[in-house]
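Coordinates as given in start-v9.txt (compact mmCIF, C-alpha atoms and all ligand atoms):
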# COMPACT_ATOMS: atom_id res chain seq x y z
CA MET A 1 -101.71 -71.87 26.82
CA ARG A 2 -103.04 -68.76 28.46
CA LYS A 3 -104.28 -69.18 32.03
CA ASN A 4 -106.10 -67.40 34.79
CA LEU A 5 -103.49 -66.12 37.17
CA VAL A 6 -103.36 -63.93 40.25
CA ALA A 7 -99.95 -62.79 41.47
CA GLY A 8 -99.27 -61.03 44.75
CA ASN A 9 -96.42 -58.54 44.64
CA TRP A 10 -95.56 -57.84 48.27
CA LYS A 11 -92.99 -55.18 47.28
CA MET A 12 -90.81 -54.15 50.27
CA ASN A 13 -93.35 -55.10 52.93
CA THR A 14 -93.70 -57.41 55.94
CA THR A 15 -91.11 -58.95 58.20
CA TYR A 16 -90.07 -62.58 57.91
CA GLN A 17 -92.46 -63.57 60.72
CA ASP A 18 -95.40 -61.59 59.35
CA GLY A 19 -94.73 -62.90 55.85
CA LEU A 20 -94.83 -66.52 57.00
CA ALA A 21 -98.05 -65.89 58.90
CA LEU A 22 -99.63 -64.17 55.89
CA VAL A 23 -98.80 -66.96 53.49
CA SER A 24 -100.06 -69.60 55.86
CA GLU A 25 -103.38 -67.73 56.19
CA ILE A 26 -103.65 -67.38 52.42
CA THR A 27 -102.91 -71.02 51.61
CA ASN A 28 -105.37 -72.23 54.26
CA MET A 29 -108.14 -69.91 53.14
CA VAL A 30 -107.65 -70.69 49.47
CA GLN A 31 -107.56 -74.42 50.14
CA ASP A 32 -110.83 -74.17 52.06
CA GLU A 33 -112.66 -71.69 49.86
CA VAL A 34 -111.47 -71.85 46.27
CA THR A 35 -112.80 -74.93 44.59
CA GLY A 36 -113.62 -75.77 41.02
CA SER A 37 -111.45 -72.99 39.57
CA ASP A 38 -108.16 -73.51 37.80
CA VAL A 39 -106.74 -70.11 38.75
CA GLU A 40 -102.99 -70.14 39.44
CA VAL A 41 -101.60 -68.10 42.31
CA VAL A 42 -98.08 -66.68 42.40
CA ILE A 43 -96.70 -65.32 45.67
CA CYS A 44 -93.85 -62.80 45.23
CA PRO A 45 -92.34 -62.00 48.63
CA PRO A 46 -89.06 -60.14 49.22
CA PHE A 47 -85.82 -62.06 48.48
CA PRO A 48 -84.89 -63.06 52.06
CA PHE A 49 -88.20 -64.89 52.60
CA LEU A 50 -88.36 -66.77 49.29
CA ALA A 51 -86.86 -70.10 50.37
CA ALA A 52 -88.96 -70.38 53.54
CA ILE A 53 -92.18 -69.27 51.89
CA GLY A 54 -91.56 -71.61 48.98
CA LYS A 55 -91.43 -74.50 51.46
CA GLN A 56 -94.73 -73.37 52.94
CA LEU A 57 -96.59 -73.49 49.62
CA PRO A 58 -98.46 -76.77 49.15
CA GLU A 59 -96.75 -78.99 46.58
CA ASN A 60 -98.42 -79.71 43.24
CA SER A 61 -101.04 -77.10 43.98
CA ARG A 62 -102.23 -73.90 42.35
CA PHE A 63 -99.54 -72.01 44.34
CA HIS A 64 -96.24 -70.92 42.79
CA LEU A 65 -93.33 -68.84 44.00
CA GLY A 66 -92.09 -65.70 42.27
CA ALA A 67 -89.40 -63.07 42.85
CA GLN A 68 -89.74 -59.33 42.32
CA ASN A 69 -86.52 -58.80 40.36
CA CYS A 70 -83.32 -60.53 39.28
CA SER A 71 -79.88 -59.58 38.05
CA GLN A 72 -79.00 -59.53 34.37
CA LYS A 73 -75.67 -61.14 35.36
CA GLU A 74 -75.19 -64.86 35.67
CA SER A 75 -72.87 -64.90 38.71
CA GLY A 76 -69.72 -63.30 40.07
CA ALA A 77 -68.51 -60.13 41.75
CA TYR A 78 -71.76 -58.13 41.75
CA THR A 79 -72.26 -57.20 45.38
CA GLY A 80 -75.87 -57.13 46.46
CA GLU A 81 -77.27 -58.73 43.31
CA VAL A 82 -79.42 -61.87 43.11
CA SER A 83 -79.16 -64.10 40.06
CA ALA A 84 -81.90 -65.98 38.22
CA ARG A 85 -80.16 -69.26 39.07
CA MET A 86 -80.26 -68.44 42.80
CA LEU A 87 -83.98 -67.76 42.53
CA GLN A 88 -84.58 -70.98 40.68
CA SER A 89 -82.54 -72.92 43.26
CA VAL A 90 -84.90 -71.80 46.06
CA GLY A 91 -87.98 -72.82 44.11
CA CYS A 92 -88.99 -69.72 42.16
CA GLU A 93 -90.86 -70.31 38.94
CA TYR A 94 -91.67 -66.69 38.13
CA VAL A 95 -89.90 -63.34 38.30
CA ILE A 96 -91.45 -59.88 37.94
CA LEU A 97 -89.39 -57.74 35.56
CA GLY A 98 -89.82 -54.16 34.45
CA HIS A 99 -92.10 -53.05 37.25
CA SER A 100 -92.63 -49.29 37.00
CA GLU A 101 -91.11 -48.84 40.47
CA ARG A 102 -87.87 -50.45 39.23
CA ARG A 103 -87.97 -48.39 36.05
CA GLN A 104 -88.60 -45.18 38.01
CA TYR A 105 -86.51 -45.52 41.19
CA PHE A 106 -83.71 -47.77 39.94
CA ARG A 107 -83.46 -46.45 36.40
CA GLU A 108 -84.12 -49.78 34.72
CA ASP A 109 -84.56 -49.16 31.02
CA ASN A 110 -85.70 -51.37 28.18
CA GLU A 111 -82.10 -52.24 27.28
CA LEU A 112 -81.30 -53.50 30.79
CA LEU A 113 -84.67 -55.25 31.00
CA SER A 114 -83.92 -57.12 27.78
CA GLN A 115 -80.81 -58.52 29.43
CA LYS A 116 -82.71 -59.44 32.59
CA LEU A 117 -85.33 -61.21 30.51
CA LYS A 118 -82.66 -63.24 28.75
CA ALA A 119 -81.03 -64.16 32.08
CA ALA A 120 -84.36 -65.24 33.58
CA LEU A 121 -85.41 -67.25 30.53
CA ALA A 122 -82.02 -68.96 30.22
CA THR A 123 -82.56 -70.30 33.75
CA GLY A 124 -86.11 -71.44 33.10
CA LEU A 125 -87.86 -68.70 35.08
CA LYS A 126 -91.09 -67.30 33.66
CA PRO A 127 -90.94 -63.51 33.50
CA ILE A 128 -93.95 -61.40 34.46
CA PHE A 129 -93.07 -58.39 32.31
CA CYS A 130 -94.71 -55.10 33.29
CA VAL A 131 -95.72 -52.25 31.01
CA GLY A 132 -97.83 -49.19 31.66
CA GLU A 133 -98.14 -45.49 31.06
CA SER A 134 -97.96 -42.46 33.36
CA LEU A 135 -100.88 -40.09 33.85
CA GLU A 136 -99.08 -37.52 31.72
CA THR A 137 -98.77 -39.99 28.84
CA ARG A 138 -102.43 -40.98 29.13
CA GLU A 139 -103.60 -37.38 29.19
CA ALA A 140 -101.49 -36.62 26.12
CA ASP A 141 -103.29 -39.50 24.37
CA ASP A 142 -100.01 -41.35 23.89
CA THR A 143 -100.84 -44.53 25.81
CA PHE A 144 -100.81 -46.92 22.85
CA LYS A 145 -97.64 -45.45 21.39
CA PHE A 146 -95.91 -45.70 24.76
CA ILE A 147 -96.99 -49.29 25.44
CA SER A 148 -96.01 -50.29 21.93
CA GLN A 149 -92.52 -48.90 22.47
CA GLN A 150 -92.12 -50.74 25.79
CA LEU A 151 -93.14 -53.98 24.08
CA GLN A 152 -90.96 -53.46 21.02
CA GLU A 153 -87.83 -52.45 22.90
CA GLY A 154 -88.27 -54.58 26.00
CA LEU A 155 -89.90 -57.77 24.86
CA PHE A 156 -90.28 -58.40 21.16
CA HIS A 157 -86.60 -59.22 20.64
CA LEU A 158 -87.37 -62.63 22.19
CA SER A 159 -87.64 -65.73 20.03
CA ASN A 160 -91.05 -67.43 19.70
CA GLU A 161 -89.98 -70.11 22.17
CA GLU A 162 -88.78 -67.55 24.69
CA PHE A 163 -91.87 -65.39 24.28
CA ASP A 164 -94.07 -68.42 25.02
CA GLN A 165 -92.82 -68.34 28.62
CA VAL A 166 -93.70 -64.69 29.26
CA VAL A 167 -96.66 -63.30 31.19
CA ILE A 168 -97.41 -59.62 30.56
CA ALA A 169 -98.79 -57.28 33.22
CA TYR A 170 -100.44 -54.03 32.22
CA GLU A 171 -99.96 -51.66 35.13
CA PRO A 172 -100.92 -48.04 34.45
CA ILE A 173 -98.60 -46.05 36.73
CA TRP A 174 -101.39 -43.66 37.71
CA ALA A 175 -103.35 -46.58 39.16
CA ILE A 176 -100.55 -48.13 41.23
CA GLY A 177 -101.03 -47.63 44.96
CA THR A 178 -103.31 -44.67 44.32
CA GLY A 179 -106.68 -46.31 44.91
CA LYS A 180 -107.52 -45.14 41.39
CA THR A 181 -108.24 -48.24 39.31
CA ALA A 182 -108.47 -48.26 35.54
CA THR A 183 -112.07 -48.90 34.56
CA SER A 184 -112.66 -52.36 33.16
CA ALA A 185 -113.16 -50.72 29.74
CA GLN A 186 -109.81 -48.90 29.98
CA ALA A 187 -108.05 -52.11 31.01
CA GLN A 188 -109.74 -54.14 28.26
CA GLU A 189 -108.83 -51.56 25.62
CA VAL A 190 -105.12 -51.71 26.45
CA HIS A 191 -105.10 -55.50 26.92
CA ALA A 192 -106.69 -55.96 23.50
CA TYR A 193 -104.11 -53.59 22.04
CA ILE A 194 -101.26 -55.57 23.63
CA ARG A 195 -102.69 -58.76 22.13
CA GLU A 196 -102.82 -57.11 18.71
CA GLN A 197 -99.21 -56.05 19.03
CA ILE A 198 -98.21 -59.62 19.91
CA ALA A 199 -100.06 -60.91 16.86
CA GLN A 200 -98.09 -58.50 14.70
CA ALA A 201 -94.71 -59.26 16.27
CA TYR A 202 -95.24 -63.04 16.47
CA ASP A 203 -98.51 -64.56 15.28
CA ALA A 204 -102.19 -64.91 16.13
CA GLU A 205 -101.61 -68.06 18.14
CA ALA A 206 -98.99 -66.40 20.34
CA ALA A 207 -101.39 -63.50 20.91
CA LEU A 208 -104.18 -65.86 21.92
CA ASN A 209 -101.93 -67.86 24.24
CA THR A 210 -100.32 -64.99 26.16
CA THR A 211 -101.53 -64.43 29.71
CA ILE A 212 -102.08 -60.69 30.29
CA LEU A 213 -102.65 -59.44 33.85
CA TYR A 214 -104.01 -56.13 35.05
CA GLY A 215 -102.33 -54.32 37.97
CA GLY A 216 -103.08 -51.05 39.74
CA SER A 217 -105.34 -50.76 42.81
CA ALA A 218 -107.07 -54.02 41.97
CA ASN A 219 -109.01 -55.21 45.01
CA ALA A 220 -111.71 -57.57 46.21
CA GLN A 221 -114.41 -55.12 45.07
CA ASN A 222 -113.29 -54.49 41.49
CA ALA A 223 -111.54 -57.77 40.59
CA ARG A 224 -114.61 -59.61 39.32
CA GLU A 225 -115.49 -56.83 36.88
CA LEU A 226 -111.87 -56.50 35.68
CA PHE A 227 -111.37 -60.26 35.31
CA SER A 228 -114.60 -60.60 33.34
CA GLN A 229 -113.11 -58.63 30.44
CA PRO A 230 -112.23 -60.90 27.51
CA ASP A 231 -108.56 -59.94 27.38
CA VAL A 232 -107.91 -59.66 31.13
CA ASP A 233 -106.54 -62.99 32.38
CA GLY A 234 -105.96 -62.04 36.00
CA GLY A 235 -104.17 -59.55 38.19
CA LEU A 236 -100.85 -58.44 39.59
CA ILE A 237 -101.88 -57.29 43.05
CA GLY A 238 -99.88 -54.98 45.33
CA GLY A 239 -101.55 -53.62 48.48
CA ALA A 240 -104.43 -56.08 48.54
CA SER A 241 -102.04 -59.06 48.40
CA LEU A 242 -100.87 -58.18 51.93
CA LYS A 243 -104.28 -58.94 53.44
CA SER A 244 -105.25 -62.59 53.40
CA ARG A 245 -109.00 -61.94 53.22
CA ASP A 246 -108.70 -59.44 50.36
CA PHE A 247 -106.23 -61.52 48.39
CA THR A 248 -108.30 -64.69 48.76
CA ASP A 249 -111.42 -62.83 47.66
CA ILE A 250 -109.55 -61.63 44.56
CA ILE A 251 -108.52 -65.23 43.79
CA LYS A 252 -112.15 -66.25 44.22
CA SER A 253 -113.25 -63.61 41.68
CA PHE A 254 -112.75 -66.07 38.83
P1 LIG B 1 -101.35 -51.82 44.00
O1 LIG B 1 -102.24 -53.02 43.85
O2 LIG B 1 -100.93 -51.57 45.43
O3 LIG B 1 -101.88 -50.61 43.32
O4 LIG B 1 -99.97 -52.20 43.26
C1 LIG B 1 -100.02 -52.72 41.99
C2 LIG B 1 -98.68 -53.20 41.63
O5 LIG B 1 -97.78 -52.40 41.45
C3 LIG B 1 -98.45 -54.64 41.54
O6 LIG B 1 -97.22 -54.91 40.98

As structure tokens, please, write out the structure in this file.
Amino acid sequence: MRKNLVAGNWKMNTTYQDGLALVSEITNMVQDEVTGSDVEVVICPPFPFLAAIGKQLPENSRFHLGAQNCSQKESGAYTGEVSARMLQSVGCEYVILGHSERRQYFREDNELLSQKLKAALATGLKPIFCVGESLETREADDTFKFISQQLQEGLFHLSNEEFDQVVIAYEPIWAIGTGKTATSAQAQEVHAYIREQIAQAYDAEAALNTTILYGGSANAQNARELFSQPDVDGGLIGGASLKSRDFTDIIKSF
């Protein structure tokens, strides 16, 4: 079933000490202030902090742990890589895959991402799979075509059972870290399109049940408006997830 979800992608930010302090502020504030809402929260810190931060998250609560990437390989001589099984063994439930920064700076393509998805799913991790167009693509009026291709090549090879575990994040590249948010109408239009594509690739029920997040300069000021759109189920938050007040206010936007 689709759910309301807010995920914080810390990217390559904070130290261990600052990360622990941040998560303790967030969990305390959310515990005190967010009542009566069933929103799930996923915290995605850098790899070295995962185990410790996982232990800090209250058990059986709305809080879950996520990683920002994983290897497509199961185990072995792959220096510097982190496997899905390792992530799961420190308490991760989610893993972000296909973020535009990984596609752009680390040359991750749809073929590689397909393998990463398989590795994550085989271990029981829930992928948060990112799609989104560049400004150039949007201005050329190719957004839908581009998103469709990312979905077809990256995601729609999954079986129905596998696809059930996937959360999709629509993150227009031009809105990431730029302070330029998609309008709620722009976000809704693409989210609805993604749902249509899912209905075509799988079925109407799968489309209805898929959680689709918006990401790209989402903040405490614009979250309520974005989350009120019928096909926007929450957010994947970068910059604003590093400030406990801002992130908590975003969680409270539901
Ligand atoms: P910002 O919220 O900093 O724009 O980042 C969005 C993002 O990339 C989340 O994955």

Contacts of ligand LIG 1 (chain B), 7 Å or closer, only C-alpha atoms and all ligand atoms, given as a compact mmCIF listing (two decimals) with C-alpha atoms, in the frame of the given file:
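New file out-v4.txt:
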# COMPACT_ATOMS: atom_id res chain seq x y z
CA ASN A 9 -96.42 -58.54 44.64
CA HIS A 99 -92.10 -53.05 37.25
CA GLU A 171 -99.96 -51.66 35.13
CA ALA A 175 -103.35 -46.58 39.16
CA ILE A 176 -100.55 -48.13 41.23
CA GLY A 177 -101.03 -47.63 44.96
CA THR A 178 -103.31 -44.67 44.32
CA GLY A 179 -106.68 -46.31 44.91
CA GLY A 215 -102.33 -54.32 37.97
CA GLY A 216 -103.08 -51.05 39.74
CA SER A 217 -105.34 -50.76 42.81
CA ALA A 218 -107.07 -54.02 41.97
CA LEU A 236 -100.85 -58.44 39.59
CA ILE A 237 -101.88 -57.29 43.05
CA GLY A 238 -99.88 -54.98 45.33
CA GLY A 239 -101.55 -53.62 48.48
CA ALA A 240 -104.43 -56.08 48.54

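The point (-90.4, -70.1, 23.6) has these residues within 12 Å of it when all atoms listed in the file are used: Met1, Lys118, Leu121, Ala122, Gly124, Leu125, Lys126, Pro127, Phe156, His157, Leu158, Ser159, Asn160, Glu161, Glu162, Phe163, Asp164, Gln165, Val166, Val167, Tyr202, Ala206, Asn209 and Thr210 of chain A.
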
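Atom CA of A:Leu97 to atom CA of A:Ile194 spans 17.0 Å [interatomic distance, one decimal].
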
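Nearest-residue note for A:Gly234: choosing from A:Val82, A:Arg107, A:Val39, A:Met29, the minimum distance belongs to A:Val39, counting only C-alpha atoms.
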
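The spacing separating atom CA of A:Phe49 from atom CA of A:Gly235 amounts to 22.2 Å.
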
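Coordinates place atom CA of A:Gln200 at a distance of 11.5 Å from atom CA of A:Leu151.
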
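The nearest approach to A:Ala52 among the residues A:Thr143, A:Ser24, A:Asn219, A:Asn69, with all atoms listed in the file taken into account, belongs to A:Ser24.
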
Go through A:Asn13, A:Asn28, A:Gln115, A:Asn222 and flag the residue nearest A:Glu74, using all atoms listed in the file for the distances.
A:Gln115

I'd like the neighbourhood of A:Val34 as an mmCIF file with C-alpha atoms, keeping the file's coordinate frame, where a residue qualifies if any of its atoms comes within 9 Å (using only C-alpha atoms), though same-chain residues fewer than 6 positions away should be ignored.
data_model
loop_
_atom_site.group_PDB
_atom_site.id
_atom_site.type_symbol
_atom_site.label_atom_id
_atom_site.label_comp_id
_atom_site.auth_asym_id
_atom_site.auth_seq_id
_atom_site.Cartn_x
_atom_site.Cartn_y
_atom_site.Cartn_z
ATOM 1 C CA THR A 248 -108.300 -64.690 48.760
ATOM 2 C CA ILE A 251 -108.520 -65.230 43.790
ATOM 3 C CA LYS A 252 -112.150 -66.250 44.220
#

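Nearest to A:Val6 of all the residues A:Ala207, A:Ala21, A:Cys44, A:Leu57 is A:Cys44, counting all atoms listed in the file.
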
May I have the protein, DNA and RNA residues with an atom at most 10 Å from (-88.2, -61.5, 41.4), counting all atoms listed in the file in the file's coordinates, returned as a ChimeraX atom specification?
/A:9,11,44-47,50,65-71,82-84,87,92-97,120,125,127-128

Written selection (C-alpha atoms) as an mmCIF file, keeping the file's coordinate frame:
data_model
loop_
_atom_site.group_PDB
_atom_site.id
_atom_site.type_symbol
_atom_site.label_atom_id
_atom_site.label_comp_id
_atom_site.auth_asym_id
_atom_site.auth_seq_id
_atom_site.Cartn_x
_atom_site.Cartn_y
_atom_site.Cartn_z
ATOM 1 C CA ASN A 9 -96.420 -58.540 44.640
ATOM 2 C CA LYS A 11 -92.990 -55.180 47.280
ATOM 3 C CA CYS A 44 -93.850 -62.800 45.230
ATOM 4 C CA PRO A 45 -92.340 -62.000 48.630
ATOM 5 C CA PRO A 46 -89.060 -60.140 49.220
ATOM 6 C CA PHE A 47 -85.820 -62.060 48.480
ATOM 7 C CA LEU A 50 -88.360 -66.770 49.290
ATOM 8 C CA LEU A 65 -93.330 -68.840 44.000
ATOM 9 C CA GLY A 66 -92.090 -65.700 42.270
ATOM 10 C CA ALA A 67 -89.400 -63.070 42.850
ATOM 11 C CA GLN A 68 -89.740 -59.330 42.320
ATOM 12 C CA ASN A 69 -86.520 -58.800 40.360
ATOM 13 C CA CYS A 70 -83.320 -60.530 39.280
ATOM 14 C CA SER A 71 -79.880 -59.580 38.050
ATOM 15 C CA VAL A 82 -79.420 -61.870 43.110
ATOM 16 C CA SER A 83 -79.160 -64.100 40.060
ATOM 17 C CA ALA A 84 -81.900 -65.980 38.220
ATOM 18 C CA LEU A 87 -83.980 -67.760 42.530
ATOM 19 C CA CYS A 92 -88.990 -69.720 42.160
ATOM 20 C CA GLU A 93 -90.860 -70.310 38.940
ATOM 21 C CA TYR A 94 -91.670 -66.690 38.130
ATOM 22 C CA VAL A 95 -89.900 -63.340 38.300
ATOM 23 C CA ILE A 96 -91.450 -59.880 37.940
ATOM 24 C CA LEU A 97 -89.390 -57.740 35.560
ATOM 25 C CA ALA A 120 -84.360 -65.240 33.580
ATOM 26 C CA LEU A 125 -87.860 -68.700 35.080
ATOM 27 C CA PRO A 127 -90.940 -63.510 33.500
ATOM 28 C CA ILE A 128 -93.950 -61.400 34.460
#

Name all residues at most 12 Å from A:Ile173 (count only C-alpha atoms; drop same-chain ones fewer than 4 positions away) and give them as a list in words.
His99, Ser100, Glu101, Arg102, Arg103, Gln104, Cys130, Val131, Gly132, Glu133, Ser134, Leu135, Glu136, Thr137, Arg138, Thr143, Ile147, Ala169, Gly177, Thr178, Gly179, Lys180, Thr181, Ala182, Tyr214, Gly215, Gly216 and Ser217 of chain A

Give me, as a ChimeraX atom specification, all polymer residues having an atom no more than 10 Å from A:Ala192, counting only C-alpha atoms and skipping those fewer than 2 positions away in the same chain.
/A:187-190,194-198,207,212,229-232

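The shortest atom-to-atom distance to A:Gln152, with all atoms listed in the file taken into account, belongs to A:Ser114 out of A:Gln31, A:Ser244, A:Thr14, A:Ser114.
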
Incomplete stretch 195-205 of chain A brought to all heavy atoms, written out as a CSV table (one decimal), in the frame of the given file:
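Saved result, selection.csv, follows:
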chain,number,residue,atom,x,y,z
A,195,ARG,N,-102.5,-57.5,22.9
A,195,ARG,CA,-102.7,-58.8,22.1
A,195,ARG,C,-102.5,-58.5,20.6
A,195,ARG,O,-101.9,-59.4,19.9
A,195,ARG,CB,-104.1,-59.4,22.4
A,195,ARG,CG,-103.9,-60.8,23.0
A,195,ARG,CD,-105.3,-61.4,23.2
A,195,ARG,NE,-105.6,-61.3,24.6
A,195,ARG,CZ,-105.0,-62.0,25.6
A,195,ARG,NH1,-104.1,-62.8,25.4
A,195,ARG,NH2,-105.4,-61.9,26.9
A,196,GLU,N,-103.0,-57.4,20.1
A,196,GLU,CA,-102.8,-57.1,18.7
A,196,GLU,C,-101.3,-57.0,18.4
A,196,GLU,O,-100.9,-57.4,17.3
A,196,GLU,CB,-103.5,-55.7,18.5
A,196,GLU,CG,-104.8,-55.7,17.7
A,196,GLU,CD,-105.3,-54.3,17.8
A,196,GLU,OE1,-104.7,-53.3,17.3
A,196,GLU,OE2,-106.4,-54.2,18.3
A,197,GLN,N,-100.6,-56.3,19.3
A,197,GLN,CA,-99.2,-56.0,19.0
A,197,GLN,C,-98.4,-57.4,19.0
A,197,GLN,O,-97.5,-57.6,18.2
A,197,GLN,CB,-98.6,-55.2,20.2
A,197,GLN,CG,-99.2,-53.8,20.2
A,197,GLN,CD,-98.6,-52.9,19.1
A,197,GLN,OE1,-97.4,-52.7,19.1
A,197,GLN,NE2,-99.4,-52.5,18.1
A,198,ILE,N,-98.9,-58.3,19.9
A,198,ILE,CA,-98.2,-59.6,19.9
A,198,ILE,C,-98.5,-60.4,18.6
A,198,ILE,O,-97.6,-61.0,18.0
A,198,ILE,CB,-98.7,-60.5,21.1
A,198,ILE,CG1,-98.4,-59.8,22.4
A,198,ILE,CG2,-98.1,-61.9,21.1
A,198,ILE,CD1,-99.1,-60.4,23.6
A,199,ALA,N,-99.7,-60.2,18.1
A,199,ALA,CA,-100.1,-60.9,16.9
A,199,ALA,C,-99.2,-60.4,15.7
A,199,ALA,O,-98.7,-61.2,14.9
A,199,ALA,CB,-101.5,-60.7,16.5
A,200,GLN,N,-98.9,-59.1,15.7
A,200,GLN,CA,-98.1,-58.5,14.7
A,200,GLN,C,-96.6,-58.9,14.8
A,200,GLN,O,-96.0,-59.2,13.8
A,200,GLN,CB,-98.2,-57.0,14.8
A,200,GLN,CG,-99.4,-56.4,14.0
A,200,GLN,CD,-99.5,-54.9,14.2
A,200,GLN,OE1,-98.5,-54.2,14.3
A,200,GLN,NE2,-100.8,-54.4,14.2
A,201,ALA,N,-96.1,-58.9,16.1
A,201,ALA,CA,-94.7,-59.3,16.3
A,201,ALA,C,-94.4,-60.8,16.1
A,201,ALA,O,-93.4,-61.2,15.6
A,201,ALA,CB,-94.3,-58.8,17.7
A,202,TYR,N,-95.4,-61.6,16.5
A,202,TYR,CA,-95.2,-63.0,16.5
A,202,TYR,C,-96.3,-63.6,15.5
A,202,TYR,O,-96.2,-63.5,14.3
A,202,TYR,CB,-95.3,-63.7,17.9
A,202,TYR,CG,-94.1,-63.2,18.7
A,202,TYR,CD1,-94.2,-62.1,19.5
A,202,TYR,CD2,-92.9,-63.8,18.7
A,202,TYR,CE1,-93.1,-61.6,20.3
A,202,TYR,CE2,-91.8,-63.4,19.4
A,202,TYR,CZ,-91.9,-62.2,20.2
A,202,TYR,OH,-90.8,-61.8,20.9
A,203,ASP,N,-97.4,-64.1,16.1
A,203,ASP,CA,-98.5,-64.6,15.3
A,203,ASP,C,-99.8,-64.6,16.1
A,203,ASP,O,-99.8,-64.4,17.3
A,203,ASP,CB,-98.2,-65.9,14.6
A,203,ASP,CG,-97.8,-67.0,15.6
A,203,ASP,OD1,-98.4,-67.0,16.7
A,203,ASP,OD2,-96.9,-67.8,15.3
A,204,ALA,N,-100.9,-64.9,15.5
A,204,ALA,CA,-102.2,-64.9,16.1
A,204,ALA,C,-102.3,-65.9,17.3
A,204,ALA,O,-102.9,-65.6,18.3
A,204,ALA,CB,-103.3,-65.2,15.1
A,205,GLU,N,-101.6,-67.0,17.1
A,205,GLU,CA,-101.6,-68.1,18.1
A,205,GLU,C,-100.9,-67.6,19.4
A,205,GLU,O,-101.4,-67.8,20.5
A,205,GLU,CB,-100.9,-69.3,17.6
A,205,GLU,CG,-101.4,-70.6,18.3
A,205,GLU,CD,-100.6,-71.8,17.9
A,205,GLU,OE1,-100.1,-71.8,16.7
A,205,GLU,OE2,-100.4,-72.6,18.7
